[in-house]
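Asker: Following this message is one structure expressed as structure tokens.
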Amino acid sequence: MRSDAPLTGIRWEIESVTVGGKRSAAPAGTHVEIDATGRASGNYGCNRFTAEARLDGDTLTVEPGTTTEMGCEPAIQQFEVLLSQAFSGKLTVAAKDDSLTLTTAKGGTIALTARPPAPLTGTRWRITTLVSGSIASSLPAGAANKAHITFGKDGSVRGALGCNSFRGTADVSGTALAFGRLVTTRKMCPDPEMRLERALLDVLDGKRTAYGITHDTLSLTAPDGKGLAASAPEKKEEGSGG
């Protein structure tokens with residue numbers, strides 16, 4: 001695939017698949033990404049997939065690939081079958097602004113929209129993973145969906161640590177963050193929430209912290225290798241997140 005192809009390096013959200021004149025809307029999270037090496041990957045709606053892809057002019061050729069085999073709800077499973085059959089073989093590419101249409105040899109179409117990465121500020125990042133060096137682990141049992149962080153455009157930061165809420169400052173410079181002193185509430189909570197809180201404070205304790213955003217995922221990594229990963233909601237959420 002040409003490295004300068006406009007399809008590459010973009011997360012394309014799949015809006016719908018039309019087969020035989022019947023349009024089927026895509027489930028949330030359905031997407032495809034094509035990298036410069038010729039690898040297509042994404043989500044059919046429930047299962048993830050990978051395949052080799054080749055762009056020649058306005059023709060995208062998708063080779064047979066691999067997919068996970070999770071059980072899905074019947075409606076999603078039906079859509080996955082439509083999409084997997086449509087996103088294969090030779091597809092004619094038509095791009096306009098942030099929209100992309102892929103047309104199959106039989107006249108079916110896949111409608112896609114480019115989705116930019118979530119912004120650091122103004123997004124309510126839900127913390128999903130703790131990192132220690134090369135080891136990533138899910139949040140302690142009983143503490144999922146209880147921790148989040150929001151960066152303000154004014155340099156403020158606030159959120160929840162799993163038990164207590166916090167606020168403070170975060171200076172952004174390039175791909176690094178420098179957290180100021182955080183002020184937290186002082187509630188005593190069950191052990192899972194407190195363990196999560198201690199782990200997060202280790203990351204947000206004022207050290208120069210590297211950050212990166214890949215589509216809807218934020219990663220923070222402190223110099224000692226401790227870090228976290230967080231996900232953005234389907235739509236950007238403004239507000240305090242406190």
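Here's how to read the names in the structure tokens: chain A, B, ... by the order shown, residue numbers from 1 in each chain, ligand numbers from 1 in the order shown.
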With only C-alpha atoms as the counted atoms, please give the residues lying no more than 7 Å from Thr150 (chain A), apart from itself and same-chain residues fewer than 5 positions off, as a JSON list (two decimals) with N, CA, C and O atoms, in the first residue's frame.
Answerer:
[["chain", "number", "residue", "atom", "x", "y", "z"],
["A", 121, "THR", "N", -7.80, 17.64, 26.46],
["A", 121, "THR", "CA", -8.60, 18.48, 27.35],
["A", 121, "THR", "C", -10.08, 18.38, 27.00],
["A", 121, "THR", "O", -10.46, 18.21, 25.84],
["A", 122, "GLY", "N", -10.90, 18.49, 28.03],
["A", 122, "GLY", "CA", -12.34, 18.46, 27.85],
["A", 122, "GLY", "C", -12.94, 17.07, 27.71],
["A", 122, "GLY", "O", -14.15, 16.93, 27.60],
["A", 123, "THR", "N", -12.11, 16.05, 27.73],
["A", 123, "THR", "CA", -12.58, 14.67, 27.63],
["A", 123, "THR", "C", -12.58, 14.03, 29.02],
["A", 123, "THR", "O", -11.61, 14.16, 29.76],
["A", 124, "ARG", "N", -13.64, 13.37, 29.35],
["A", 124, "ARG", "CA", -13.71, 12.63, 30.62],
["A", 124, "ARG", "C", -13.13, 11.24, 30.38],
["A", 124, "ARG", "O", -13.79, 10.35, 29.86],
["A", 125, "TRP", "N", -11.87, 11.07, 30.74],
["A", 125, "TRP", "CA", -11.15, 9.82, 30.49],
["A", 125, "TRP", "C", -11.46, 8.81, 31.59],
["A", 125, "TRP", "O", -11.18, 9.06, 32.75],
["A", 157, "VAL", "N", -6.87, 19.99, 36.51],
["A", 157, "VAL", "CA", -7.14, 18.56, 36.37],
["A", 157, "VAL", "C", -8.00, 18.14, 37.55],
["A", 157, "VAL", "O", -7.81, 18.63, 38.66],
["A", 158, "ARG", "N", -8.96, 17.28, 37.29],
["A", 158, "ARG", "CA", -9.81, 16.78, 38.37],
["A", 158, "ARG", "C", -10.39, 15.45, 37.97],
["A", 158, "ARG", "O", -10.35, 15.04, 36.82],
["A", 159, "GLY", "N", -10.94, 14.76, 38.97],
["A", 159, "GLY", "CA", -11.51, 13.46, 38.66],
["A", 159, "GLY", "C", -11.77, 12.66, 39.91],
["A", 159, "GLY", "O", -11.96, 13.21, 41.00],
["A", 240, "SER", "N", -16.58, 18.87, 34.43],
["A", 240, "SER", "CA", -15.55, 18.76, 35.44],
["A", 240, "SER", "C", -15.06, 17.36, 35.65],
["A", 240, "SER", "O", -13.91, 17.14, 35.97],
["A", 241, "GLY", "N", -15.95, 16.35, 35.53],
["A", 241, "GLY", "CA", -15.53, 15.00, 35.80],
["A", 241, "GLY", "C", -15.20, 14.77, 37.23],
["A", 241, "GLY", "O", -14.56, 13.80, 37.59]]
Asker: Tell me, as a VMD selection string, which residues lie within 6 Å of region 187-199 of chain A, counting only C-alpha atoms; anything in the same chain fewer than 2 positions away does not count.
Answerer: chain A and resid 140 143 161 to 163 201 to 202
Asker: Given only C-alpha atoms as the basis, pick out the residue of A:Val93, A:Ile10, A:Ala178, A:Val17 nearest to Asp58 (chain A).
Answerer: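 That would be A:Val93, the residue with the smallest distance to Asp58 (chain A).
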Asker: Please list as a ChimeraX atom specification every residue within 7 Å of Ala176 (chain A), counting only C-alpha atoms and excluding residues in the same chain fewer than 5 positions away.
Answerer: /A:208-211
Asker: Take the residues just selected and output them with all heavy atoms as a PDB file, in the first residue's frame.
Answerer:
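Writing done, so here's part-v6.pdb:
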ATOM      1  N   ARG A 208       7.374  14.091  36.165  1.00  0.00           N
ATOM      2  CA  ARG A 208       7.160  14.399  34.742  1.00  0.00           C
ATOM      3  C   ARG A 208       6.614  13.138  34.090  1.00  0.00           C
ATOM      4  O   ARG A 208       7.276  12.107  34.056  1.00  0.00           O
ATOM      5  CB  ARG A 208       8.481  14.799  34.100  1.00  0.00           C
ATOM      6  CG  ARG A 208       8.299  15.506  32.760  1.00  0.00           C
ATOM      7  CD  ARG A 208       7.949  16.949  32.971  1.00  0.00           C
ATOM      8  NE  ARG A 208       7.873  17.677  31.711  1.00  0.00           N
ATOM      9  CZ  ARG A 208       7.261  18.839  31.595  1.00  0.00           C
ATOM     10  NH1 ARG A 208       6.671  19.377  32.648  1.00  0.00           N
ATOM     11  NH2 ARG A 208       7.226  19.467  30.438  1.00  0.00           N
ATOM     12  N   THR A 209       5.407  13.196  33.590  1.00  0.00           N
ATOM     13  CA  THR A 209       4.713  12.019  33.097  1.00  0.00           C
ATOM     14  C   THR A 209       4.495  12.124  31.596  1.00  0.00           C
ATOM     15  O   THR A 209       3.969  13.129  31.106  1.00  0.00           O
ATOM     16  CB  THR A 209       3.343  11.871  33.799  1.00  0.00           C
ATOM     17  OG1 THR A 209       3.561  11.817  35.208  1.00  0.00           O
ATOM     18  CG2 THR A 209       2.625  10.623  33.346  1.00  0.00           C
ATOM     19  N   ALA A 210       4.906  11.104  30.857  1.00  0.00           N
ATOM     20  CA  ALA A 210       4.680  11.087  29.415  1.00  0.00           C
ATOM     21  C   ALA A 210       3.238  10.681  29.135  1.00  0.00           C
ATOM     22  O   ALA A 210       2.667   9.858  29.843  1.00  0.00           O
ATOM     23  CB  ALA A 210       5.637  10.111  28.744  1.00  0.00           C
ATOM     24  N   TYR A 211       2.669  11.289  28.103  1.00  0.00           N
ATOM     25  CA  TYR A 211       1.320  10.874  27.725  1.00  0.00           C
ATOM     26  C   TYR A 211       1.231  10.684  26.222  1.00  0.00           C
ATOM     27  O   TYR A 211       2.008  11.236  25.445  1.00  0.00           O
ATOM     28  CB  TYR A 211       0.274  11.893  28.194  1.00  0.00           C
ATOM     29  CG  TYR A 211       0.066  13.073  27.279  1.00  0.00           C
ATOM     30  CD1 TYR A 211      -0.903  13.039  26.263  1.00  0.00           C
ATOM     31  CD2 TYR A 211       0.828  14.234  27.403  1.00  0.00           C
ATOM     32  CE1 TYR A 211      -1.090  14.119  25.424  1.00  0.00           C
ATOM     33  CE2 TYR A 211       0.636  15.314  26.559  1.00  0.00           C
ATOM     34  CZ  TYR A 211      -0.321  15.259  25.571  1.00  0.00           C
ATOM     35  OH  TYR A 211      -0.506  16.321  24.735  1.00  0.00           O
TER      36      TYR A 211
END
Asker: For Ala114 (chain A), list every protein, DNA or RNA residue within 9 Å, evaluated using only C-alpha atoms, and leave out those in the same chain fewer than 5 positions away; present the list as a VMD selection string.
Answerer: chain A and resid 10 to 14 97 to 100
Asker: How many Å lie between CA of Gly42 (chain A) and CA of Leu139 (chain A), rounded to one decimal?
Answerer: 24.7 Å
Asker: For a test of reading the model, state the distance in Å between CA of His31 (chain A) and CA of Ile135 (chain A), rounded to one decimal.
Answerer: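 So the answer is 27.1 Å.
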Asker: Do you know which residues are at most 9 Å from region 219-231 of chain A counting only C-alpha atoms, after dropping those on the same chain fewer than 2 positions away, and could you put them as a JSON list (two decimals) with N, CA, C and O atoms, in the first residue's frame?
Answerer:
[["chain", "number", "residue", "atom", "x", "y", "z"],
["A", 124, "ARG", "N", -13.64, 13.37, 29.35],
["A", 124, "ARG", "CA", -13.71, 12.63, 30.62],
["A", 124, "ARG", "C", -13.13, 11.24, 30.38],
["A", 124, "ARG", "O", -13.79, 10.35, 29.86],
["A", 125, "TRP", "N", -11.87, 11.07, 30.74],
["A", 125, "TRP", "CA", -11.15, 9.82, 30.49],
["A", 125, "TRP", "C", -11.46, 8.81, 31.59],
["A", 125, "TRP", "O", -11.18, 9.06, 32.75],
["A", 126, "ARG", "N", -12.03, 7.69, 31.21],
["A", 126, "ARG", "CA", -12.33, 6.63, 32.18],
["A", 126, "ARG", "C", -11.12, 5.70, 32.30],
["A", 126, "ARG", "O", -10.68, 5.11, 31.32],
["A", 127, "ILE", "N", -10.58, 5.59, 33.49],
["A", 127, "ILE", "CA", -9.37, 4.79, 33.71],
["A", 127, "ILE", "C", -9.73, 3.31, 33.68],
["A", 127, "ILE", "O", -10.62, 2.85, 34.40],
["A", 128, "THR", "N", -9.04, 2.56, 32.81],
["A", 128, "THR", "CA", -9.38, 1.15, 32.58],
["A", 128, "THR", "C", -8.27, 0.18, 32.95],
["A", 128, "THR", "O", -8.53, -0.99, 33.22],
["A", 129, "THR", "N", -7.01, 0.67, 32.96],
["A", 129, "THR", "CA", -5.87, -0.25, 33.09],
["A", 129, "THR", "C", -4.77, 0.39, 33.92],
["A", 129, "THR", "O", -4.51, 1.58, 33.80],
["A", 130, "LEU", "N", -4.13, -0.43, 34.74],
["A", 130, "LEU", "CA", -2.93, -0.02, 35.47],
["A", 130, "LEU", "C", -1.71, -0.66, 34.82],
["A", 130, "LEU", "O", -1.77, -1.82, 34.39],
["A", 131, "VAL", "N", -0.61, 0.09, 34.73],
["A", 131, "VAL", "CA", 0.59, -0.40, 34.07],
["A", 131, "VAL", "C", 1.77, -0.31, 35.03],
["A", 131, "VAL", "O", 1.93, 0.68, 35.74],
["A", 132, "SER", "N", 2.58, -1.36, 35.05],
["A", 132, "SER", "CA", 3.81, -1.36, 35.82],
["A", 132, "SER", "C", 4.90, -1.96, 34.93],
["A", 132, "SER", "O", 4.96, -3.18, 34.74],
["A", 133, "GLY", "N", 5.71, -1.10, 34.34],
["A", 133, "GLY", "CA", 6.71, -1.57, 33.38],
["A", 133, "GLY", "C", 6.04, -2.15, 32.15],
["A", 133, "GLY", "O", 5.25, -1.48, 31.49],
["A", 134, "SER", "N", 6.33, -3.41, 31.86],
["A", 134, "SER", "CA", 5.73, -4.06, 30.68],
["A", 134, "SER", "C", 4.46, -4.82, 31.02],
["A", 134, "SER", "O", 3.89, -5.48, 30.15],
["A", 136, "ALA", "N", 0.58, -4.92, 32.14],
["A", 136, "ALA", "CA", -0.68, -4.17, 32.22],
["A", 136, "ALA", "C", -1.72, -5.05, 32.91],
["A", 136, "ALA", "O", -1.82, -6.24, 32.63],
["A", 148, "HIS", "N", -11.77, 8.21, 37.03],
["A", 148, "HIS", "CA", -11.72, 8.97, 35.80],
["A", 148, "HIS", "C", -10.93, 10.25, 36.03],
["A", 148, "HIS", "O", -10.67, 10.65, 37.17],
["A", 149, "ILE", "N", -10.53, 10.88, 34.92],
["A", 149, "ILE", "CA", -9.72, 12.09, 35.01],
["A", 149, "ILE", "C", -10.08, 13.01, 33.84],
["A", 149, "ILE", "O", -10.32, 12.54, 32.72],
["A", 176, "ALA", "N", 4.40, 15.59, 27.34],
["A", 176, "ALA", "CA", 4.64, 15.36, 28.77],
["A", 176, "ALA", "C", 3.68, 16.19, 29.61],
["A", 176, "ALA", "O", 3.23, 17.26, 29.21],
["A", 177, "LEU", "N", 3.39, 15.68, 30.80],
["A", 177, "LEU", "CA", 2.56, 16.36, 31.79],
["A", 177, "LEU", "C", 3.35, 16.50, 33.07],
["A", 177, "LEU", "O", 4.08, 15.58, 33.47],
["A", 199, "ALA", "N", -2.53, 3.26, 43.79],
["A", 199, "ALA", "CA", -1.82, 3.03, 42.52],
["A", 199, "ALA", "C", -1.89, 4.26, 41.62],
["A", 199, "ALA", "O", -0.89, 4.63, 40.98],
["A", 200, "LEU", "N", -3.05, 4.90, 41.59],
["A", 200, "LEU", "CA", -3.19, 6.08, 40.73],
["A", 200, "LEU", "C", -2.40, 7.26, 41.26],
["A", 200, "LEU", "O", -1.80, 8.02, 40.48],
["A", 202, "ASP", "N", 0.36, 7.11, 42.72],
["A", 202, "ASP", "CA", 1.76, 6.88, 42.36],
["A", 202, "ASP", "C", 2.07, 7.44, 40.98],
["A", 202, "ASP", "O", 3.21, 7.84, 40.70],
["A", 203, "VAL", "N", 1.07, 7.45, 40.10],
["A", 203, "VAL", "CA", 1.28, 7.96, 38.74],
["A", 203, "VAL", "C", 1.12, 9.47, 38.70],
["A", 203, "VAL", "O", 1.83, 10.17, 37.97],
["A", 204, "LEU", "N", 0.22, 10.01, 39.53],
["A", 204, "LEU", "CA", -0.12, 11.44, 39.48],
["A", 204, "LEU", "C", 0.54, 12.23, 40.60],
["A", 204, "LEU", "O", -0.04, 13.17, 41.13],
["A", 207, "LYS", "N", 5.59, 13.79, 39.30],
["A", 207, "LYS", "CA", 6.69, 13.47, 38.39],
["A", 207, "LYS", "C", 6.35, 13.90, 36.97],
["A", 207, "LYS", "O", 5.19, 14.05, 36.61],
["A", 208, "ARG", "N", 7.37, 14.09, 36.17],
["A", 208, "ARG", "CA", 7.16, 14.40, 34.74],
["A", 208, "ARG", "C", 6.61, 13.14, 34.09],
["A", 208, "ARG", "O", 7.28, 12.11, 34.06],
["A", 209, "THR", "N", 5.41, 13.20, 33.59],
["A", 209, "THR", "CA", 4.71, 12.02, 33.10],
["A", 209, "THR", "C", 4.49, 12.12, 31.60],
["A", 209, "THR", "O", 3.97, 13.13, 31.11],
["A", 210, "ALA", "N", 4.91, 11.10, 30.86],
["A", 210, "ALA", "CA", 4.68, 11.09, 29.42],
["A", 210, "ALA", "C", 3.24, 10.68, 29.14],
["A", 210, "ALA", "O", 2.67, 9.86, 29.84],
["A", 211, "TYR", "N", 2.67, 11.29, 28.10],
["A", 211, "TYR", "CA", 1.32, 10.87, 27.72],
["A", 211, "TYR", "C", 1.23, 10.68, 26.22],
["A", 211, "TYR", "O", 2.01, 11.24, 25.44],
["A", 212, "GLY", "N", 0.28, 9.87, 25.81],
["A", 212, "GLY", "CA", 0.03, 9.65, 24.40],
["A", 212, "GLY", "C", -1.43, 9.33, 24.20],
["A", 212, "GLY", "O", -2.08, 8.76, 25.08],
["A", 213, "ILE", "N", -1.96, 9.70, 23.04],
["A", 213, "ILE", "CA", -3.35, 9.42, 22.71],
["A", 213, "ILE", "C", -3.37, 8.68, 21.38],
["A", 213, "ILE", "O", -2.82, 9.15, 20.38],
["A", 214, "THR", "N", -3.99, 7.51, 21.39],
["A", 214, "THR", "CA", -4.23, 6.74, 20.18],
["A", 214, "THR", "C", -5.73, 6.57, 20.03],
["A", 214, "THR", "O", -6.36, 5.79, 20.77],
["A", 216, "ASP", "N", -9.07, 6.67, 20.85],
["A", 216, "ASP", "CA", -9.88, 6.91, 22.05],
["A", 216, "ASP", "C", -9.18, 6.44, 23.33],
["A", 216, "ASP", "O", -9.84, 6.27, 24.36],
["A", 217, "THR", "N", -7.89, 6.22, 23.28],
["A", 217, "THR", "CA", -7.16, 5.70, 24.44],
["A", 217, "THR", "C", -6.04, 6.66, 24.84],
["A", 217, "THR", "O", -5.23, 7.06, 24.02],
["A", 233, "PRO", "N", -15.23, 8.48, 26.12],
["A", 233, "PRO", "CA", -16.58, 8.03, 25.80],
["A", 233, "PRO", "C", -16.82, 8.10, 24.31],
["A", 233, "PRO", "O", -15.98, 8.60, 23.55]]
Asker: Please report the interatomic distance between CA of Leu55 (chain A) and CA of Ile110 (chain A) in Å with one decimal.
Answerer: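 Distance reported for this atom pair: 16.3 Å.
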